[in-house]
Amino acid sequence: MRRLAPYQTGLWLAEYVDIRCQLCRVYRSTAPSQLLSSHLSPDSPFIADSMLTDIYRGKVARYIHRHLSRGLLCAHCHHGITWLPKPFRVDIAAGSALSIQASTFYDYPIRQAIRAFKHDEDMSKLPLLLHAIRQLPRPHGCHHDNAVIVAMPTTPQRLVKRGFDPVSILAAQLSKHWQIPLWQGVRRIDHTVSQQGLTRAERLSNLNNAFVLTETPPVKRLLLFDDVATTGASLQALGRALYKPATNTASTSSLPINRYHLSAYALAHGSQQ
C-alpha cells in the first residue's frame, strides 16, 4: 500500500474525520459516524440482499461519499466568500487572448491562507485552499484523454530555497478533482526576480523568455494553473511559451491559428475592495 505524504494525510483527516469548518471551526455538517449509522441501519432503504453485491456496495459508498464531502467550510463561511469572479483576458499573440478564471478574489481569508501556505509552509491552510480549488468549474469538453493541466513551473533554485513547490501541490489537487492529468513539459529559466511588488509593465518585462518547452504537449487542450493571478503576467508568459501557431494555407486570414486550445485558472485574482 502506497504511503500518503503528510499533507495528504492531513487533507484526508480534515475531510473525513474533522467535521468542523476549516475557517470558523463550527460544526459544518452531520458527524460522519452519524451518517454511517443512519444510512447503514437495518431499517435503511439501502440495506437489502442485493447490497451484498459489488454494484450495490459501490452505490452505497458513493452515496456516503457525497455526504462526507459536501465541503470543507460551513455554509455561513462558504457564502461569506465571493466565488468565481468574472474571467479576464490577457493577450498572448496577435488576435489571440488567454482567458483566466479565478476561484475567488485575493482577499481574506484566501489571501492569508495562500501566504501562510506558500511562505510559512503552513499545511493547516491546505484544506481551505482545497475548498477553493473545488469551486473552479470543470472546463467544458475536457477530460483525461484530451486535456492536461500545466502547473506554473518553478526553478530548481527556488525549489531548494523554499523546500517545496506549493503550486504543484495545489495543481495535484485540481488534477484529482477534475480527473485530468498533470503535464510537466515546461521549464522555467531562473533569470527572473520575484513578481511581488512589481508593476504590470515590470512583470511582463521580468518574464520575457522565462519559460521553455522541454517536450511536445501530448494533447490539444492545455489548462494552465497558478495560485495567484494578480495581473495575469505569469500565466500570459506561460501561455506565450505554449502558443504554437500552425500554418493554414487554405485560410485567407493573416492571423495565425493556434495549434493548442489554451485556458487558465487560478485560486485568486485581484481584490474586491
# chains A, B, ... in the order shown; residues from 1 in each chain; ligands from 1
$ residues_around --residues "stretch 129-131 of chain A" --least-positions-apart "5" --cutoff "9 Å" --atoms "only C-alpha atoms" --output "PyMOL selection string"
chain A and resi 11+71-73+110+113-114+170+173-174+267
$ write_last_selection --atoms "N, CA and C atoms" --output "short mmCIF file (atom, residue, chain, number, x, y, z; two decimals), in the first residue's frame"
data_model
loop_
_atom_site.label_atom_id
_atom_site.label_comp_id
_atom_site.auth_asym_id
_atom_site.auth_seq_id
_atom_site.Cartn_x
_atom_site.Cartn_y
_atom_site.Cartn_z
N LEU A 11 -5.17 16.27 4.71
CA LEU A 11 -6.37 16.56 3.92
C LEU A 11 -7.43 15.49 4.15
N GLY A 71 -18.25 19.71 1.58
CA GLY A 71 -17.40 20.88 1.58
C GLY A 71 -16.60 20.94 2.86
N LEU A 72 -15.52 21.70 2.83
CA LEU A 72 -14.66 21.83 3.99
C LEU A 72 -14.98 23.07 4.81
N LEU A 73 -15.96 23.85 4.35
CA LEU A 73 -16.42 25.02 5.08
C LEU A 73 -17.89 24.85 5.43
N ILE A 110 -8.76 33.91 1.83
CA ILE A 110 -7.91 33.18 0.89
C ILE A 110 -6.51 33.77 0.84
N ALA A 113 -4.51 32.58 3.75
CA ALA A 113 -4.24 31.14 3.64
C ALA A 113 -3.15 30.87 2.61
N ILE A 114 -3.20 31.56 1.47
CA ILE A 114 -2.18 31.36 0.43
C ILE A 114 -0.81 31.80 0.94
N LEU A 170 -1.02 22.21 -5.13
CA LEU A 170 -2.38 22.66 -5.43
C LEU A 170 -2.85 22.11 -6.77
N GLN A 173 -4.09 18.61 -6.55
CA GLN A 173 -5.46 18.52 -6.03
C GLN A 173 -6.48 18.86 -7.11
N LEU A 174 -6.16 19.85 -7.96
CA LEU A 174 -7.04 20.18 -9.07
C LEU A 174 -7.12 19.02 -10.05
N LEU A 267 -6.31 30.28 -8.16
CA LEU A 267 -7.09 30.32 -6.93
C LEU A 267 -7.67 31.69 -6.69
#
$ residues_around --residues "stretch 99-103 of chain A" --least-positions-apart "2" --cutoff "7 Å" --atoms "only C-alpha atoms" --output "PyMOL selection string"
chain A and resi 83-85+87-90+97+132-133+135-136+263-269
$ write_last_selection --atoms "C-alpha atoms" --output "compact mmCIF listing (two decimals), in the first residue's frame"
# COMPACT_ATOMS: atom_id res chain seq x y z
CA TRP A 83 -16.72 32.82 -5.68
CA LEU A 84 -15.91 32.81 -9.40
CA PRO A 85 -15.30 36.46 -10.31
CA PRO A 87 -12.91 35.85 -16.10
CA PHE A 88 -10.41 38.30 -17.53
CA ARG A 89 -8.27 38.03 -20.65
CA VAL A 90 -4.64 38.72 -21.49
CA ALA A 97 -6.07 36.02 -25.92
CA ALA A 132 -11.41 26.99 -3.14
CA ILE A 133 -9.99 24.68 -5.82
CA GLN A 135 -15.17 25.90 -6.81
CA LEU A 136 -13.41 26.12 -10.18
CA SER A 263 -7.27 28.39 -20.93
CA ALA A 264 -6.02 29.40 -17.50
CA TYR A 265 -7.18 29.06 -13.90
CA ALA A 266 -6.05 30.44 -10.55
CA LEU A 267 -7.09 30.32 -6.93
CA ALA A 268 -7.31 34.09 -6.56
CA HIS A 269 -7.23 37.25 -8.60
$ atom_distance --atom1 "atom CA of A:Phe225" --atom2 "atom CA of A:Leu13"
25.8 Å
$ select_by_dssp --residues "stretch 138-198 of chain A" --states "helix (DSSP H, G or I)" --output "PyMOL selection string"
chain A and resi 156-162+166-178
$ closest_residue --among "A:Gly80, A:Pro127, A:Gly163, A:Gly185" --to "A:Pro217" --atoms "only C-alpha atoms"
A:Gly185
$ atom_distance --atom1 "atom CA of A:Asp165" --atom2 "atom CA of A:Pro218"
23.5 Å
$ residues_around --residues "stretch 138-143 of chain A" --least-positions-apart "3" --cutoff "9 Å" --atoms "only C-alpha atoms" --output "JSON, numbers by chain"
{"A": [146, 147, 148, 177, 178, 179, 180, 181, 221, 223, 263]}
$ closest_atom_pairs --of "stretch 69-172 of chain A" --to "stretch 231-244 of chain A" --cutoff "8 Å" --atoms "only C-alpha atoms" --output "tab-separated table"
residue	atom	partner	partner_atom	distance
A:Val90	CA	A:Gln236	CA	6.3
A:Asp91	CA	A:Gln236	CA	7.1
A:Ile92	CA	A:Arg240	CA	5.2
A:Ala93	CA	A:Arg240	CA	7.1
A:Leu98	CA	A:Gln236	CA	7.1
A:Ile100	CA	A:Gly232	CA	7.6
A:Met152	CA	A:Leu235	CA	7.6
$ closest_residue --among "A:Thr154, A:Ile189, A:Cys21, A:Pro166" --to "A:Arg115" --atoms "only C-alpha atoms"
A:Pro166
$ closest_residue --among "A:Ile169, A:Pro109, A:Asp190, A:Lys176" --to "A:Pro156" --atoms "only C-alpha atoms"
A:Asp190
$ atom_distance --atom1 "atom CA of A:Arg28" --atom2 "atom CA of A:Leu128"
13.1 Å
$ closest_residue --among "A:Val228, A:Leu23, A:Val186, A:Val17" --to "A:Ser124" --atoms "only C-alpha atoms"
A:Leu23
$ residues_around --residues "A:Arg188" --least-positions-apart "2" --cutoff "6 Å" --atoms "only C-alpha atoms" --output "list in words"
Pro153, Thr154, Thr155, Ala210 and Phe211 of chain A
$ write_last_selection --atoms "N, CA, C and O atoms" --output "compact mmCIF listing (two decimals), in the first residue's frame"
# COMPACT_ATOMS: atom_id res chain seq x y z
N PRO A 153 5.41 26.43 -13.52
CA PRO A 153 6.65 25.79 -13.06
C PRO A 153 7.51 26.71 -12.21
O PRO A 153 7.43 27.94 -12.31
N THR A 154 8.32 26.10 -11.38
CA THR A 154 9.31 26.83 -10.61
C THR A 154 10.69 26.40 -11.06
O THR A 154 10.83 25.56 -11.95
N THR A 155 11.73 26.96 -10.48
CA THR A 155 13.09 26.59 -10.84
C THR A 155 13.70 25.72 -9.75
O THR A 155 13.25 25.76 -8.59
N ALA A 210 10.92 33.56 -20.06
CA ALA A 210 11.14 32.87 -18.78
C ALA A 210 10.79 31.39 -18.84
O ALA A 210 11.17 30.63 -17.95
N PHE A 211 10.07 30.96 -19.88
CA PHE A 211 9.63 29.57 -19.97
C PHE A 211 10.07 28.97 -21.31
O PHE A 211 10.07 29.65 -22.33
$ closest_residue --among "A:Tyr106, A:Trp183, A:Trp12, A:Tyr27" --to "A:His76" --atoms "only C-alpha atoms"
A:Tyr27
